[in-house]
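Notes follow once the structure below has been shown.
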Amino acid sequence: MMAEGSPSIWRLIRSAPADGATQMATDEAIWRAVAEGLSPPTLRLYAWDPPCLSLGRHQRADEVNREALAAAGYGLVRRPTGGRAILHIDELTYAVALPLTHPLASGGVLESCRNISAGLLAALESLGVREADAHQQKPSPEVGPVCFETPGEFEIVVGGRKLIGSAQARGRGGLLQHGAFPLTGDIARICAFLVVPADPARVRARAATLAEVLGREVSWEEAADAVATGFARAFGLRLEWGALSSWEMEMVRRLREEKYATAEWTLREKGPNKEENP
């Protein structure tokens with residue numbers, strides 16, 4: 001999948017847990033930096049503190065029970081990518097930022113999602129998951145409010161149940177793909193925070209956590225090691241530990257303050273127009 005020869009070098013960032021607005025601002029800042037050639041291709045791994053419900057870019061905000069979220073002490077944020085609602089708790093989140101000229105970004109959204117799924121499948125194999133696959137079918141037209149209720153094309157499934165949910169956005173010459181990897185807990189906890197009907201039994205039947213699949217709990221650190229190893233092996237990469245540049249840190253501050261922590265972005269009823277760039 002990658003060109004033969006010397007290993008490609010990517011930056012690997014393991015971020016400290018942070019609130020939803022900070023994490024989404026960080027993903028977009030890295031996306032912008034990579035697209036503009038200011039930073040190398042980047043794999044970032046992180047967690048959420050406090051837990052947070054994220055809306056897809058075009059999802060209606062009135063599908064969320066904001067009072068229930070506040071009572072639980074959980075956050076609410078809108079992602080720069082599409083898809084449906086995810087409750088980020090007890091999970092590893094990965095984010096990949098690439099220039100559109102990169103081989104893994106070739107061929108449009110679906111082909112690049114398929115390309116990137118090879119790294120996720122290699123990560124699962126290293127953890128002992130033997131029956132994972134990239135989902136090949138288009139999602140049902142009857143899509144509910146919960147991301148993990150329905151697998152999209154090239155999202156990761158095990159025994160027909162969704163295990164890793166991913167979403168991608170493109171703009172300004174770059175690609176951002178990030179995704180949720182539930183490690184443990186009740187995958188249907190999100191249902192308590194939605195206004196529109198969502199059946200917990202249906203979600204549990206269609207999605208799984210890594211602990212359910214393996215029959216043991218995996219720590220965030222073990223899962224993060226597996227994802228880094230999986231990407232390196234699948235794509236012949238050399239991952240080098242890195243941190244945000246000063247340019248990226250300033251962009252995170254601005255994006256958090258001006259976009260992701262604002263009601264104008266998070267609570268808009270119909271979501272941003274598809275034509276909007278990051």
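Naming scheme: A, B, ... for chains in displayed order of the structure tokens; residues 1 onward per chain; ligands 1 onward as shown.
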
Within 10 Å of stretch 48-54 of chain A, which residues of stretch 154-224 of chain A show up? Give each one with its shortest atom-to-atom distance in Å (one decimal) and the two atoms involved, counting only C-alpha atoms, rows by chain then rising residue number, as a tab-separated table.
```
residue	atom	partner	partner_atom	distance
A:Ile190	CA	A:Leu53	CA	7.9
A:Phe193	CA	A:Leu53	CA	8.4
A:Leu194	CA	A:Leu53	CA	9.9
```

Proximity of stretch 91-143 of chain A to stretch 14-33 of chain A: per-residue shortest pair, 12 Å limit, only C-alpha atoms, as CSV:
```
residue,atom,partner,partner_atom,distance
A:Glu91,CA,A:Pro17,CA,11.0
A:Leu92,CA,A:Pro17,CA,10.2
A:Thr93,CA,A:Gln23,CA,9.9
A:Tyr94,CA,A:Arg14,CA,9.5
A:Ala95,CA,A:Asp27,CA,6.9
A:Val96,CA,A:Trp31,CA,8.3
A:Ala97,CA,A:Trp31,CA,5.2
A:Leu98,CA,A:Trp31,CA,7.2
A:Pro99,CA,A:Trp31,CA,8.4
A:Leu100,CA,A:Trp31,CA,10.9
```

Please produce, as JSON lines, a per-residue contact table for stretch 191-235 of chain A versus stretch 102-119 of chain A (criterion: any atom at most 10 Å away, only C-alpha atoms considered), showing the nearest atom pair and its distance in Å to one decimal, sorted by chain then residue number.
```
{"residue": "A:Ala226", "atom": "CA", "partner": "A:Gly119", "partner_atom": "CA", "distance": 9.8}
{"residue": "A:Val227", "atom": "CA", "partner": "A:Gly119", "partner_atom": "CA", "distance": 7.3}
{"residue": "A:Ala228", "atom": "CA", "partner": "A:Gly119", "partner_atom": "CA", "distance": 8.5}
{"residue": "A:Thr229", "atom": "CA", "partner": "A:Gly119", "partner_atom": "CA", "distance": 8.5}
{"residue": "A:Gly230", "atom": "CA", "partner": "A:Gly119", "partner_atom": "CA", "distance": 5.1}
{"residue": "A:Phe231", "atom": "CA", "partner": "A:Gly119", "partner_atom": "CA", "distance": 4.3}
{"residue": "A:Ala232", "atom": "CA", "partner": "A:Gly119", "partner_atom": "CA", "distance": 7.7}
{"residue": "A:Arg233", "atom": "CA", "partner": "A:Gly119", "partner_atom": "CA", "distance": 7.6}
{"residue": "A:Ala234", "atom": "CA", "partner": "A:Gly119", "partner_atom": "CA", "distance": 5.3}
{"residue": "A:Phe235", "atom": "CA", "partner": "A:Gly119", "partner_atom": "CA", "distance": 7.2}
```

So which residues of stretch 51-268 of chain A fall under strand (DSSP E or B) by DSSP, listed as a PDB file with C-alpha atoms, in the first residue's frame?
```pdb
ATOM      1  CA  CYS A  52     -18.050  14.067  26.300  1.00  0.00           C
ATOM      2  CA  LEU A  53     -20.785  13.481  23.753  1.00  0.00           C
ATOM      3  CA  SER A  54     -19.716  14.553  20.275  1.00  0.00           C
ATOM      4  CA  LEU A  55     -22.110  15.376  17.469  1.00  0.00           C
ATOM      5  CA  VAL A  64     -29.189  15.619  22.602  1.00  0.00           C
ATOM      6  CA  GLY A  75     -19.393  17.717  27.950  1.00  0.00           C
ATOM      7  CA  LEU A  76     -20.887  18.357  24.520  1.00  0.00           C
ATOM      8  CA  VAL A  77     -18.955  19.225  21.354  1.00  0.00           C
ATOM      9  CA  ARG A  78     -19.478  19.160  17.588  1.00  0.00           C
ATOM     10  CA  ALA A  85     -23.357  10.950  18.081  1.00  0.00           C
ATOM     11  CA  ILE A  86     -20.659   9.254  20.169  1.00  0.00           C
ATOM     12  CA  LEU A  87     -20.245   9.218  23.944  1.00  0.00           C
ATOM     13  CA  HIS A  88     -16.497   9.385  24.505  1.00  0.00           C
ATOM     14  CA  GLU A  91     -12.138   4.718  25.039  1.00  0.00           C
ATOM     15  CA  LEU A  92      -9.024   5.383  22.995  1.00  0.00           C
ATOM     16  CA  THR A  93      -9.454   7.992  20.291  1.00  0.00           C
ATOM     17  CA  TYR A  94      -7.110   8.077  17.312  1.00  0.00           C
ATOM     18  CA  ALA A  95      -6.645  10.893  14.798  1.00  0.00           C
ATOM     19  CA  VAL A  96      -4.715  10.793  11.521  1.00  0.00           C
ATOM     20  CA  ALA A  97      -3.787  13.952   9.613  1.00  0.00           C
ATOM     21  CA  LEU A  98      -2.325  13.642   6.108  1.00  0.00           C
ATOM     22  CA  PRO A  99      -1.736  15.873   3.094  1.00  0.00           C
ATOM     23  CA  ALA A 132     -12.040  -8.133  12.741  1.00  0.00           C
ATOM     24  CA  ASP A 133     -12.806  -6.807   9.275  1.00  0.00           C
ATOM     25  CA  ALA A 134     -13.508  -3.554   7.480  1.00  0.00           C
ATOM     26  CA  VAL A 146     -26.060   6.768  17.584  1.00  0.00           C
ATOM     27  CA  ILE A 156     -14.192  -1.929  11.835  1.00  0.00           C
ATOM     28  CA  VAL A 157     -16.553  -4.744  12.788  1.00  0.00           C
ATOM     29  CA  VAL A 158     -16.136  -8.017  14.657  1.00  0.00           C
ATOM     30  CA  ARG A 161     -20.796  -5.746  15.543  1.00  0.00           C
ATOM     31  CA  LYS A 162     -19.143  -2.350  15.181  1.00  0.00           C
ATOM     32  CA  LEU A 163     -15.946  -2.014  17.213  1.00  0.00           C
ATOM     33  CA  ILE A 164     -14.248   1.150  15.901  1.00  0.00           C
ATOM     34  CA  GLY A 165     -16.229   4.091  14.553  1.00  0.00           C
ATOM     35  CA  SER A 166     -14.416   6.559  12.299  1.00  0.00           C
ATOM     36  CA  ALA A 167     -15.171   9.748  10.403  1.00  0.00           C
ATOM     37  CA  GLN A 168     -13.196  11.783   7.900  1.00  0.00           C
ATOM     38  CA  ALA A 169     -13.061  15.353   6.625  1.00  0.00           C
ATOM     39  CA  ARG A 170     -11.031  16.930   3.826  1.00  0.00           C
ATOM     40  CA  GLY A 171     -10.153  20.513   3.067  1.00  0.00           C
ATOM     41  CA  GLY A 174      -5.361  17.887   3.920  1.00  0.00           C
ATOM     42  CA  LEU A 175      -7.259  14.975   5.423  1.00  0.00           C
ATOM     43  CA  LEU A 176      -8.376  14.413   9.014  1.00  0.00           C
ATOM     44  CA  GLN A 177      -9.692  11.026  10.072  1.00  0.00           C
ATOM     45  CA  HIS A 178     -10.428  10.324  13.698  1.00  0.00           C
ATOM     46  CA  GLY A 179     -12.271   7.556  15.428  1.00  0.00           C
ATOM     47  CA  ALA A 180     -13.481   6.075  18.687  1.00  0.00           C
ATOM     48  CA  PHE A 181     -12.222   2.748  20.009  1.00  0.00           C
ATOM     49  CA  PRO A 182     -14.419   1.765  23.007  1.00  0.00           C
ATOM     50  CA  LEU A 194     -30.454  11.517  23.626  1.00  0.00           C
ATOM     51  CA  ALA A 207     -21.803  -2.703  18.687  1.00  0.00           C
ATOM     52  CA  LEU A 237       6.260   3.702   9.013  1.00  0.00           C
ATOM     53  CA  ARG A 238       8.773   5.016  11.460  1.00  0.00           C
ATOM     54  CA  LEU A 239       6.841   6.821  14.165  1.00  0.00           C
ATOM     55  CA  GLU A 240       8.764   9.531  15.969  1.00  0.00           C
ATOM     56  CA  TRP A 241       7.535  10.936  19.260  1.00  0.00           C
TER      57      TRP A 241
END
```

Contacts of A:Asp186 at 9 Å (only C-alpha atoms; same-chain gap of 5+ positions) as a JSON list (two decimals) with N, CA and C atoms, in the first residue's frame:
```json
[["chain", "number", "residue", "atom", "x", "y", "z"],
["A", 204, "ARG", "N", -26.53, -2.40, 21.84],
["A", 204, "ARG", "CA", -25.66, -3.47, 22.35],
["A", 204, "ARG", "C", -25.55, -4.63, 21.38],
["A", 208, "ALA", "N", -19.87, -3.30, 20.01],
["A", 208, "ALA", "CA", -19.15, -4.02, 21.06],
["A", 208, "ALA", "C", -17.98, -3.16, 21.55],
["A", 209, "THR", "N", -17.51, -3.48, 22.74],
["A", 209, "THR", "CA", -16.27, -2.90, 23.25],
["A", 209, "THR", "C", -15.15, -3.92, 23.09]]
```

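Picture a line from atom CA of A:Ala47 to atom CA of A:Ile13; it runs 12.2 Å.
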
Neighbour list for A:Ala201 as a compact mmCIF listing (two decimals) with C-alpha atoms, in the first residue's frame, cut-off 9 Å, only C-alpha atoms, skip fewer than 4 positions in-chain:
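Final file, part26.txt:
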```txt
# COMPACT_ATOMS: atom_id res chain seq x y z
CA ALA A 188 -25.36 1.82 25.13
CA ALA A 205 -26.61 -6.01 19.69
CA ARG A 206 -24.93 -3.99 16.93
```

Report the distance between atom CA of A:Leu69 and atom CA of A:Ala224 in Å, rounded to one decimal place.
-> 27.3 Å

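Take the candidates A:Glu131, A:Pro145, A:Asn65, A:Thr42 and check each one against A:Gly160 using only C-alpha atoms; the shortest distance goes to A:Glu131.
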